[in-house]
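The structure appears right after this line, and notes come after that.
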Amino acid sequence: MDIVVCVKRVPDLSEAELAIDRRSKRLDVSDLEAGINEWDNFAVEAAVRLKEAHGGKVTAVTVGDEEAEDVLRRALAMGADEALHVSDQAFADADPWLVANALCKALQGRPFDLVLCGAISSDGTSGHVGGMLAALLDVPQVALATALEVKGRKALVRHEVEGGLEREVELDLPALVTVQTGINEPRYVSVRGIRKVAEVEIPVKSAGELGLAAERRVRLEEMFLPPSGAGAEILEGDTDEVVGKLVERLRERGGL
Amino acid sequence: MGGLEGSALAPADASPFGLSGPLLHGVLLAITLATFAWILRRRIELLRLGAPDPRFDRLGERLKALLVVGFGQARQPRYPVAGTLHILVFAGFLILLLRSLTLLGEGFVPGFALPGLGGAAGEVYAALKDWTALVVLASCAVLAWRRVVVKPARFHDRHALRSHGAEAYAILGLISLLMLADALYEGSAMAREGGRTVALPLASLVALALGTSSAGTLDALHLSAFWLHNVALCFFACYLPVSKHFHVITALPNVFFSKLPPPGRVKPVQHGLAAGAEPERYGVRALEDFTWKHLLDFYSCTDCGRCSDACPSYNTGTALSPRMISVKCRDEAYVTHPVFGRASQGERPALVGGLIRDEELWACTTCGACEETCPVTIEYVDKIVDMRRTLVEEGRVPAGMQKALADVEKRGNPYGKLARKRGEWIQGGGEGCGVRLLDEGDSATLMWFTDSATAFDPRIQEVGRALGRVLAWAGQDVGTLGADEVDSGHEVRRVGEEGLFEVLRDTNREALGARSFERVITSDPHAFNALRNDYELDKPVLHHSQVLAELVAAGKLTLGPLDDGRTYTFHDPCYLGRHNGEYEAPRRVLDAIPGLRRVEMERSQERSFCCGGGSLYLFHESEGEERMGVKRVSMAEAAGAEVIVTACPFCLINFEDALKTTGRADRMEVVDLAELVARAAGARSREKPAEG
Amino acid sequence: MARILVIAERVKGRIDDSAWELLTAARALAGEGGKTAAGLLGSDLAALATELARGFDEVFVFDDPRLAQPDAEADGAALRALLERERFDALLAPHTNCMIDTMPALAVRLGAPLLADCVELEWRDGQLCGVRTVYGGKVHARVSAAKSERGYMATVRGGAFPAAMPGSVAGAVRAEHLPEGFAPRRRSLRTLEPEAGAVDISAAERLVAVGRGIEAQENLALVEKLAQALGAELCASRPVVDKGWLSKSRQVGTSGVSVKPKLYLAVGISGSFQHMGGIKGAPYLVAINKDRSAPIFGVADVGIVGDLFEVVPALEAAVRKARG
């Protein structure tokens, strides 16, 4: 089986004090570490497991700056066989349409049975790249998979729909599946594991080399921090006092 | 009391089935020696496949261990009944060794006596031997009774796949058989020749019973008993290395080669590897990846169950039983490297992940209680760490722990807090606490390596500030690395992530190297152990309890009474106490507080019961039915304590949690030693600043 | 004036609130003299179509047994046929699991720009612009679609617009048919029903929610008792359900159940947007968390910064006493 998995390097915002850079009007991520998008990590694990079960090859692809190579190495350490890096200034603030086009061009001439993507990215959070890529590649797709199996030339996918329900569907390969967190338990990548793949060649392609002509369809004008509302009224006092005050509030509102 | 005429027929003079006695005996011995040598050779072959392990250093300490723990059976009395019985049987064994050799000699030479044991000495020995045999026989009876009737819980392991009880009965039977056969041998001769005496109780009893038998019967019994004894003895010798009683042969060497203090040191990936070189094998995946000493450990396990009895993880219902690791590996060794036949080529389950499941390995906190109690000094922590290295290599790490490790890698702490905030705890709570942040090139007398808990956990930050204040009152000059410090990597190493540990260690060593100081102080026993035993620093490393004890003894800290009438108990942290031998310093500090009433918990000092904090336990799901902290807090309550004093951040957190979830928080308290000292020294030292 | 199409989602056989919220957005974008239309796909839709017609000027109904289950490939093919025939200035859909599945591919096939997860929408120089959330809801971004001759598309965050009130004038209901040669490339096998005995919290008026702060399964009892005392249902955030401590039917969030209670008491929950996204309407939100900087305090009505192991039992006792 030839599997392609799309990964993205995203900043880690936990505990961070967010600030918007005044000039660029973008979030200042200079102080933050970055790593693989959590959903994509599950996708890489899913891809490697399918390869381990069915044989074949896993190729990891990313559209990102120089440092994005980290996540490709991580995918290699997890068991991907090859990696491909698409990097170009033109992709700054790329919208899902542009990213999907770049990925589509990168995959041209590469036969595949299955493309896996994380369902959403923790920074852009649109969840749209996967579906767009599927349409550009003209393959059937399904989003938010929570279980994935391949039997012959069919993919059996369980995915999230509305109201907390899940549905089981079947697609003919080649197909594209976007993956929800919790679909598996991704393996750990150790420091030694990364060292072992440190020397693997990762080809880098620019927009020109890919023959990419598409332009973004959604322009990012500026980022800003949402106006913080008054927020919660924090009750003060020791446990008994705050509990008493809370009970009063609840009584007032008929909550008791 | 006279016997019948003539003397007993010496076996060397007899000709059973018309064949020469000595010849038959010679054949018996030859077969035995050949078999024994063959078995031993096969057993040693496996040892030679194992990884290198330098155990020929510090010979003086090794001899001492051999004498005290080996011959002296020093660890046996911890279980008074079983321990006493074992000591009796062991001592009996040594004493009767001479008898066995004598009897072997008698197969060739009538009336054979070992050099030095002829004449009067021989008679003294004979009496000793006979009384010993009686004691051994009685002990075997009690041991069998315990197995059949008393059935101590320790004997049966919750995770045992099959019972090894049959082997226990076999060995008791064999030993008893040897005693009885010898008694019959002696007794039948005594019935023939006379000489019943209280000095030879067993033989005399038999002689009494045989009183009315004819000479021919007695001769027949005499001869049969002889052959029975010697055949049984030869069988015994060959049976040992194919059963769980191999320990009879390997225990003393195992003790000689045991891991010398400090136990807190962890085995490197490969002994004797040059820096920067790639190890042949990383972690243990198959049996042969263990070092030869660890394989010898497997041979030496007696399946006594004391390790699991002491194990806090086993005692809280997890998948781990240290004893089962030894037993399973030993059984696997016997199957895959059999005495007869080829090493099995068939499908065997993988050692790590199959025979020993991932959950078993992750359930260990590396507290070391198992190793500390093992009568034959079997090691466990190093083996578990070695097997975890394989799990890490293969990516099989529980999700919660993965996040903690990723945070340590990215931000230098398992809490995911920003690295640049690492020094901010000092100023928290409004006032500073006298501790300085040292830039590169700065110096201080004491370098405080805080490690991540003190730096980031709000509750432990309070402890840190209390310690800072106390050190300031005592006129100490203390600095920290601030944001240049990263996690000590102590737990990282022990969960098997050696690569990450090396990165952390090198980062810290560089940061320490850029500053000058006389001594390192830690407030976390895990950091203490790491810096003292894993980092190879060239400066002394101390735990805060040791520094506080020094200051109190030197009069730089005066402690006033607390006047609260409560009962206190000290909980020995695993990595201060058991792994590094420091039990006294914290107690000296507590006892320097006037009027403080202190009790000891049932399991204290080297028998302390782990709080459940090691191996990043706080970060991944404990699978047990109960929390270790809850169990320990119950022990404190049972000892009558109202305040538990700790000297480790994980212990503090675990016990406070336990008090809350079991509803004891209104009547019991947990406090760190530093906080207690701050309370006791606070009023006093503020009036009268100490002279530097 | 513009003609705006809204995809109306069905949940458990009823029109989802999102349709009415999008009607508000659609009316604003349609402007004076503009028209709002709803797209409804499924089977046995007569009553639902009538309901939609009370608010929308037009309702385009694909009533076909082949569309009984929402399916991105099938729905996408149906909508594409409609959109290639009828000219709409903008297509709005709720930002839900199903629409994440459907809209991107549809946007590519129609050649239209697609704005994701918007909380504000407006026209500027004939181009659709909006505000959307990024970085997990912590940051907002102002975005604008490139000029398009093929119309504009946007998915809209639930709760970003108030639900419109249905009017009295009935709009026109138009029956649509699936195109010739309709051959969706996905075969639906079955829908997984929630486990038998699973509770339905979506209708609960009072909810006590428990999150990662509870630390261990054995501590759930504490919170259960509080829920009982309040006459509330117990629910949870994803981490608690992932660990298997509570069943998935109690998971509140974008990946779980949507709830619309009057009272929501969040215990040990940080307030991630994935969890909060499951809370619709405007309940009285109470938060108990030991972390003062937890995002939930930014959106709660009242909060207690404290140790839940102390606060929850005390609260339970106080509630019992107050209720008598």
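Following the order of the structure tokens, chains are lettered A, B, ..., residues in each are numbered from 1, and ligands are numbered from 1.
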
_Spatial neighbours of Val189 of chain A, max dist 9 Å, only C-alpha atoms, sep filter under 6 positions, as a count of residues only_ = 9

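Within the 8 Å cut-off around Arg465 of chain B, using only C-alpha atoms and omitting residues fewer than 2 positions from it on the same chain, the listed residues are Trp425, Ile426, Gly432, Cys433, Gln461, Glu462, Val463, Leu467, Gly468 and Arg469 of chain B.
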
Taking a cut-off of 6 Å and counting only C-alpha atoms, can you build a table that, for each residue of chain B near chain A, reports the nearest atom pair and how far apart they are in Å (one decimal), sorted by chain then residue number, as JSON lines?
{"residue": "B:Gly395", "atom": "CA", "partner": "A:Tyr188", "partner_atom": "CA", "distance": 3.9}
{"residue": "B:Arg396", "atom": "CA", "partner": "A:Arg187", "partner_atom": "CA", "distance": 5.6}
{"residue": "B:Val397", "atom": "CA", "partner": "A:Tyr188", "partner_atom": "CA", "distance": 5.8}
{"residue": "B:Gly499", "atom": "CA", "partner": "A:Val191", "partner_atom": "CA", "distance": 5.1}
{"residue": "B:Leu500", "atom": "CA", "partner": "A:Val191", "partner_atom": "CA", "distance": 5.5}

Take the residues just selected and output them with all heavy atoms as a compact mmCIF listing (two decimals), in the first residue's frame.
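Done, and the output landed in again-v2.txt:
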# COMPACT_ATOMS: atom_id res chain seq x y z
N GLY B 395 8.48 2.93 20.90
CA GLY B 395 7.39 3.91 20.96
C GLY B 395 6.22 3.52 21.84
O GLY B 395 5.21 4.21 21.87
N ARG B 396 6.36 2.43 22.59
CA ARG B 396 5.22 1.96 23.38
C ARG B 396 5.21 2.61 24.76
O ARG B 396 5.51 1.99 25.77
CB ARG B 396 5.28 0.44 23.51
CG ARG B 396 4.84 -0.24 22.24
CD ARG B 396 5.54 -1.52 21.97
NE ARG B 396 5.47 -2.47 23.03
CZ ARG B 396 6.16 -3.60 23.03
NH1 ARG B 396 6.95 -3.87 22.02
NH2 ARG B 396 6.06 -4.44 24.04
N VAL B 397 4.84 3.90 24.76
CA VAL B 397 4.83 4.65 26.01
C VAL B 397 3.41 5.14 26.26
O VAL B 397 2.78 5.66 25.34
CB VAL B 397 5.79 5.86 25.89
CG1 VAL B 397 5.75 6.72 27.12
CG2 VAL B 397 7.21 5.39 25.61
N GLY B 499 18.14 8.82 25.81
CA GLY B 499 18.56 9.90 24.91
C GLY B 499 18.18 11.26 25.47
O GLY B 499 18.99 12.19 25.50
N LEU B 500 16.96 11.38 25.92
CA LEU B 500 16.51 12.65 26.48
C LEU B 500 17.25 12.95 27.78
O LEU B 500 17.65 14.09 28.04
CB LEU B 500 14.99 12.63 26.72
CG LEU B 500 14.38 13.89 27.32
CD1 LEU B 500 14.68 15.11 26.46
CD2 LEU B 500 12.87 13.72 27.46

*Just the residues within 9 Å of segment 576-580 of chain B, please, counting only C-alpha atoms, with nothing from its chain fewer than 2 positions along; format it as number ranges by chain.*
B: 261-265, 367-369, 372, 524-526, 528-529, 543, 572-574, 582-584, 605-608, 647-648

Output N, CA and C atoms of each residue in that selection to a file, as a short mmCIF file (atom, residue, chain, number, x, y, z; two decimals), in the first residue's frame.
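Result saved to out21.cif:
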data_model
loop_
_atom_site.label_atom_id
_atom_site.label_comp_id
_atom_site.auth_asym_id
_atom_site.auth_seq_id
_atom_site.Cartn_x
_atom_site.Cartn_y
_atom_site.Cartn_z
N PRO B 261 26.52 -0.44 47.00
CA PRO B 261 25.91 0.87 47.17
C PRO B 261 26.63 1.92 46.34
N PRO B 262 26.00 3.01 45.95
CA PRO B 262 24.61 3.31 46.26
C PRO B 262 23.66 2.64 45.28
N PRO B 263 22.58 2.05 45.76
CA PRO B 263 21.65 1.39 44.87
C PRO B 263 20.96 2.36 43.91
N GLY B 264 20.99 3.66 44.23
CA GLY B 264 20.29 4.63 43.39
C GLY B 264 20.88 4.80 42.01
N ARG B 265 22.08 4.35 41.83
CA ARG B 265 22.71 4.44 40.51
C ARG B 265 22.01 3.49 39.55
N CYS B 367 11.14 2.14 43.38
CA CYS B 367 11.39 2.47 44.78
C CYS B 367 12.48 1.59 45.39
N GLY B 368 12.69 0.39 44.83
CA GLY B 368 13.79 -0.45 45.32
C GLY B 368 13.46 -1.30 46.53
N ALA B 369 12.21 -1.33 46.96
CA ALA B 369 11.88 -2.13 48.14
C ALA B 369 12.14 -3.61 47.87
N GLU B 372 15.83 -4.42 48.15
CA GLU B 372 16.33 -4.23 49.51
C GLU B 372 15.99 -5.43 50.37
N ASP B 524 14.89 17.92 46.53
CA ASP B 524 14.14 16.83 45.90
C ASP B 524 15.05 15.61 45.86
N PRO B 525 14.68 14.53 46.56
CA PRO B 525 15.54 13.36 46.58
C PRO B 525 15.83 12.78 45.19
N HIS B 526 14.92 13.00 44.25
CA HIS B 526 15.17 12.49 42.91
C HIS B 526 16.31 13.27 42.27
N PHE B 528 18.52 14.84 43.98
CA PHE B 528 19.66 14.44 44.81
C PHE B 528 20.32 13.20 44.24
N ASN B 529 19.50 12.19 43.97
CA ASN B 529 20.04 10.94 43.43
C ASN B 529 20.65 11.14 42.05
N HIS B 543 21.27 16.68 50.23
CA HIS B 543 19.83 16.87 50.29
C HIS B 543 19.53 17.87 51.39
N ASP B 572 10.24 8.14 55.10
CA ASP B 572 11.51 8.09 54.38
C ASP B 572 11.27 8.05 52.88
N PRO B 573 11.72 9.10 52.17
CA PRO B 573 11.57 9.05 50.71
C PRO B 573 12.49 7.97 50.15
N CYS B 574 12.00 7.27 49.14
CA CYS B 574 12.78 6.17 48.57
C CYS B 574 14.17 6.59 48.14
N GLU B 582 20.35 7.57 53.55
CA GLU B 582 20.26 8.66 54.52
C GLU B 582 18.96 8.55 55.29
N TYR B 583 19.04 8.07 56.51
CA TYR B 583 17.84 7.97 57.34
C TYR B 583 17.94 8.88 58.55
N GLU B 584 19.15 9.15 58.94
CA GLU B 584 19.36 9.85 60.22
C GLU B 584 19.18 11.36 60.16
N GLN B 605 12.34 3.62 57.43
CA GLN B 605 13.73 3.53 57.00
C GLN B 605 13.86 2.69 55.75
N GLU B 606 14.66 1.64 55.81
CA GLU B 606 14.87 0.92 54.54
C GLU B 606 13.62 0.17 54.10
N ARG B 607 12.65 0.05 54.99
CA ARG B 607 11.43 -0.65 54.60
C ARG B 607 10.30 0.32 54.25
N SER B 608 10.66 1.59 54.07
CA SER B 608 9.63 2.59 53.80
C SER B 608 8.78 2.22 52.60
N ALA B 647 10.17 14.76 52.90
CA ALA B 647 11.35 15.51 52.43
C ALA B 647 11.45 15.38 50.93
N CYS B 648 10.30 15.21 50.28
CA CYS B 648 10.28 15.00 48.83
C CYS B 648 8.99 15.58 48.27
#

Using only C-alpha atoms, I'd like a table of the residues in chain A that come within 6 Å of chain C; for each, show the closest atom pair and its distance in Å rounded to one decimal, ordered by chain and ascending number, as a Markdown table.
| residue | atom | partner | partner_atom | distance |
| --- | --- | --- | --- | --- |
| A:Ser122 | CA | C:Tyr135 | CA | 5.8 |
| A:Asp123 | CA | C:Tyr135 | CA | 4.1 |
| A:Gly124 | CA | C:Val134 | CA | 5.2 |
| A:Thr125 | CA | C:Val134 | CA | 5.9 |
| A:Ser126 | CA | C:Ala116 | CA | 5.3 |
| A:His128 | CA | C:Pro104 | CA | 5.3 |
| A:Gly131 | CA | C:Ala105 | CA | 5.0 |
| A:Met132 | CA | C:Ala105 | CA | 4.8 |
| A:Ala135 | CA | C:Ala105 | CA | 5.0 |
| A:Pro140 | CA | C:Arg185 | CA | 5.8 |
| A:Ala143 | CA | C:Asp101 | CA | 5.1 |
| A:Val161 | CA | C:Asn97 | CA | 5.5 |
| A:Gly163 | CA | C:Val257 | CA | 5.3 |
| A:Gly164 | CA | C:Gly256 | CA | 4.2 |
| A:Glu166 | CA | C:Leu192 | CA | 5.3 |
| A:Arg167 | CA | C:Thr191 | CA | 4.3 |
| A:Glu168 | CA | C:Leu189 | CA | 5.4 |
| A:Val169 | CA | C:Ser188 | CA | 4.4 |
| A:Glu170 | CA | C:Arg187 | CA | 5.1 |
| A:Leu171 | CA | C:Arg186 | CA | 5.1 |
| A:Arg217 | CA | C:Ala146 | CA | 5.0 |
| A:Val218 | CA | C:Ala145 | CA | 4.4 |
| A:Arg219 | CA | C:Ser144 | CA | 5.2 |
| A:Leu220 | CA | C:Val143 | CA | 4.6 |
| A:Glu221 | CA | C:Val143 | CA | 5.5 |
| A:Glu222 | CA | C:Arg142 | CA | 5.4 |
| A:Met223 | CA | C:Ala141 | CA | 4.2 |
| A:Phe224 | CA | C:His140 | CA | 5.3 |
| A:Leu225 | CA | C:Val139 | CA | 4.9 |
| A:Pro226 | CA | C:His140 | CA | 5.8 |
| A:Gly231 | CA | C:Gly298 | CA | 4.1 |
| A:Ala232 | CA | C:Asp301 | CA | 4.5 |
| A:Glu233 | CA | C:Val302 | CA | 4.5 |
| A:Ile234 | CA | C:Gly303 | CA | 4.6 |
| A:Leu235 | CA | C:Ile304 | CA | 5.6 |
| A:Val243 | CA | C:Leu315 | CA | 5.4 |

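Surrounding segment 309-311 of chain B within 7 Å are Arg154, Gly305, Arg306, Cys307, Ser313, Tyr314, Asn315, Ala369 and Cys370 of chain B, with only C-alpha atoms counted and residues fewer than 2 positions along the same chain left out.
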
Save the residues we just selected, all heavy atoms, as a compact mmCIF listing (two decimals), in the first residue's frame?
# COMPACT_ATOMS: atom_id res chain seq x y z
N ARG B 154 1.86 -14.65 50.92
CA ARG B 154 3.06 -14.38 50.13
C ARG B 154 3.42 -15.55 49.23
O ARG B 154 4.09 -15.38 48.21
CB ARG B 154 4.20 -14.12 51.11
CG ARG B 154 5.48 -13.67 50.50
CD ARG B 154 6.50 -13.36 51.57
NE ARG B 154 7.16 -14.54 52.09
CZ ARG B 154 7.05 -14.96 53.32
NH1 ARG B 154 6.28 -14.34 54.18
NH2 ARG B 154 7.70 -16.03 53.72
N GLY B 305 8.81 -14.76 47.29
CA GLY B 305 7.73 -13.79 47.28
C GLY B 305 7.94 -12.59 48.17
O GLY B 305 7.05 -11.75 48.29
N ARG B 306 9.12 -12.46 48.78
CA ARG B 306 9.30 -11.31 49.66
C ARG B 306 9.34 -10.00 48.89
O ARG B 306 8.89 -8.96 49.36
CB ARG B 306 10.59 -11.45 50.46
CG ARG B 306 10.51 -12.58 51.45
CD ARG B 306 11.83 -12.81 52.15
NE ARG B 306 11.73 -13.99 52.99
CZ ARG B 306 12.40 -14.15 54.12
NH1 ARG B 306 13.21 -13.20 54.53
NH2 ARG B 306 12.27 -15.25 54.81
N CYS B 307 9.88 -10.07 47.67
CA CYS B 307 9.98 -8.85 46.86
C CYS B 307 8.58 -8.31 46.58
O CYS B 307 8.30 -7.13 46.78
CB CYS B 307 10.73 -9.12 45.57
SG CYS B 307 10.12 -10.54 44.63
N SER B 313 3.61 -1.35 44.43
CA SER B 313 2.79 -1.47 43.24
C SER B 313 1.97 -2.77 43.30
O SER B 313 0.75 -2.76 43.11
CB SER B 313 3.70 -1.46 42.01
OG SER B 313 2.96 -1.39 40.84
N TYR B 314 2.64 -3.86 43.63
CA TYR B 314 1.92 -5.13 43.75
C TYR B 314 0.84 -5.02 44.81
O TYR B 314 -0.26 -5.55 44.66
CB TYR B 314 2.91 -6.24 44.11
CG TYR B 314 2.28 -7.61 44.27
CD1 TYR B 314 1.95 -8.38 43.16
CD2 TYR B 314 2.01 -8.14 45.53
CE1 TYR B 314 1.38 -9.64 43.29
CE2 TYR B 314 1.44 -9.39 45.68
CZ TYR B 314 1.13 -10.14 44.55
OH TYR B 314 0.56 -11.38 44.70
N ASN B 315 1.18 -4.32 45.89
CA ASN B 315 0.25 -4.22 47.00
C ASN B 315 -0.89 -3.25 46.75
O ASN B 315 -1.75 -3.07 47.60
CB ASN B 315 0.99 -3.82 48.29
CG ASN B 315 1.64 -5.01 48.94
OD1 ASN B 315 0.96 -5.98 49.28
ND2 ASN B 315 2.94 -5.00 49.07
N ALA B 369 12.21 -1.33 46.96
CA ALA B 369 11.88 -2.13 48.14
C ALA B 369 12.14 -3.61 47.87
O ALA B 369 12.56 -4.36 48.76
CB ALA B 369 10.42 -1.91 48.53
N CYS B 370 11.90 -4.03 46.64
CA CYS B 370 12.10 -5.43 46.27
C CYS B 370 13.55 -5.84 46.44
O CYS B 370 13.85 -6.85 47.07
CB CYS B 370 11.67 -5.64 44.81
SG CYS B 370 12.36 -4.43 43.66

*Mind listing as a PyMOL selection string which residues of chain C are within 10 Å of chain B, counting only C-alpha atoms?*
chain C and resi 215-219+222+243+309-310

*Within segment 44-90 of chain A, find each residue whose DSSP state, derived from the backbone, is strand (DSSP E or B), and express the selection as number ranges by chain.*
A: 57-63, 82-86

*Name the residues in contact with segment 159-162 of chain C at a cut-off of 6 Å, using only C-alpha atoms, excluding same-chain residues fewer than 2 positions from it; report them as a PyMOL selection string.*
chain C and resi 21+119+157

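Among A:Ala207, A:Ala102, A:Val44, A:Val157, the residue with the shortest atom-to-atom distance to Leu76 of chain A, counting only C-alpha atoms, is A:Val44.
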
*Write out as a ChimeraX atom specification all residues of segment 145-316 of chain C that backbone DSSP assigns to helix (DSSP H, G or I).*
/C:201-203,212-214,217-230,238-242,248-250,273-276,296-299,308-316

Any chance you could export the current selection's C-alpha atoms as a PDB file, in the first residue's frame?
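That gives us again-v7.pdb:
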ATOM      1  CA  ILE C 201     -28.154  14.673  28.197  1.00  0.00           C
ATOM      2  CA  SER C 202     -29.025  16.909  25.275  1.00  0.00           C
ATOM      3  CA  ALA C 203     -32.341  17.830  26.853  1.00  0.00           C
ATOM      4  CA  ARG C 212      -9.536  16.451  33.779  1.00  0.00           C
ATOM      5  CA  GLY C 213      -9.234  18.186  37.145  1.00  0.00           C
ATOM      6  CA  ILE C 214     -11.010  15.279  38.770  1.00  0.00           C
ATOM      7  CA  GLN C 217     -12.065   7.777  38.355  1.00  0.00           C
ATOM      8  CA  GLU C 218     -12.714   7.115  42.021  1.00  0.00           C
ATOM      9  CA  ASN C 219     -13.204  10.834  42.553  1.00  0.00           C
ATOM     10  CA  LEU C 220     -16.225  10.961  40.256  1.00  0.00           C
ATOM     11  CA  ALA C 221     -18.381   9.954  43.184  1.00  0.00           C
ATOM     12  CA  LEU C 222     -17.846  13.376  44.728  1.00  0.00           C
ATOM     13  CA  VAL C 223     -19.228  15.131  41.681  1.00  0.00           C
ATOM     14  CA  GLU C 224     -22.012  12.623  41.170  1.00  0.00           C
ATOM     15  CA  LYS C 225     -23.324  13.432  44.606  1.00  0.00           C
ATOM     16  CA  LEU C 226     -23.290  17.126  43.827  1.00  0.00           C
ATOM     17  CA  ALA C 227     -25.201  16.477  40.608  1.00  0.00           C
ATOM     18  CA  GLN C 228     -27.761  14.482  42.526  1.00  0.00           C
ATOM     19  CA  ALA C 229     -28.119  17.222  45.102  1.00  0.00           C
ATOM     20  CA  LEU C 230     -28.778  19.744  42.343  1.00  0.00           C
ATOM     21  CA  ARG C 238     -13.488  14.642  26.284  1.00  0.00           C
ATOM     22  CA  PRO C 239     -10.479  13.638  28.422  1.00  0.00           C
ATOM     23  CA  VAL C 240     -12.730  12.040  31.023  1.00  0.00           C
ATOM     24  CA  VAL C 241     -14.590  10.062  28.368  1.00  0.00           C
ATOM     25  CA  ASP C 242     -11.406   9.078  26.526  1.00  0.00           C
ATOM     26  CA  LYS C 248     -19.474   8.795  25.395  1.00  0.00           C
ATOM     27  CA  SER C 249     -23.126   9.678  25.647  1.00  0.00           C
ATOM     28  CA  ARG C 250     -22.115  12.065  28.415  1.00  0.00           C
ATOM     29  CA  PHE C 273     -13.219  25.634  22.779  1.00  0.00           C
ATOM     30  CA  GLN C 274     -13.843  22.026  21.815  1.00  0.00           C
ATOM     31  CA  HIS C 275     -15.736  21.483  25.017  1.00  0.00           C
ATOM     32  CA  MET C 276     -17.454  24.876  25.197  1.00  0.00           C
ATOM     33  CA  ILE C 296     -13.352  29.038  31.381  1.00  0.00           C
ATOM     34  CA  PHE C 297     -13.253  31.949  33.803  1.00  0.00           C
ATOM     35  CA  GLY C 298     -13.324  34.213  30.795  1.00  0.00           C
ATOM     36  CA  VAL C 299     -16.724  32.972  29.719  1.00  0.00           C
ATOM     37  CA  LEU C 308     -12.560  21.058  43.820  1.00  0.00           C
ATOM     38  CA  PHE C 309     -11.932  18.361  46.405  1.00  0.00           C
ATOM     39  CA  GLU C 310     -12.798  20.889  49.066  1.00  0.00           C
ATOM     40  CA  VAL C 311     -15.366  22.988  47.241  1.00  0.00           C
ATOM     41  CA  VAL C 312     -17.515  20.219  45.777  1.00  0.00           C
ATOM     42  CA  PRO C 313     -18.373  18.426  49.021  1.00  0.00           C
ATOM     43  CA  ALA C 314     -19.010  21.763  50.735  1.00  0.00           C
ATOM     44  CA  LEU C 315     -21.236  22.858  47.871  1.00  0.00           C
ATOM     45  CA  GLU C 316     -23.141  19.606  47.940  1.00  0.00           C
TER      46      GLU C 316
END
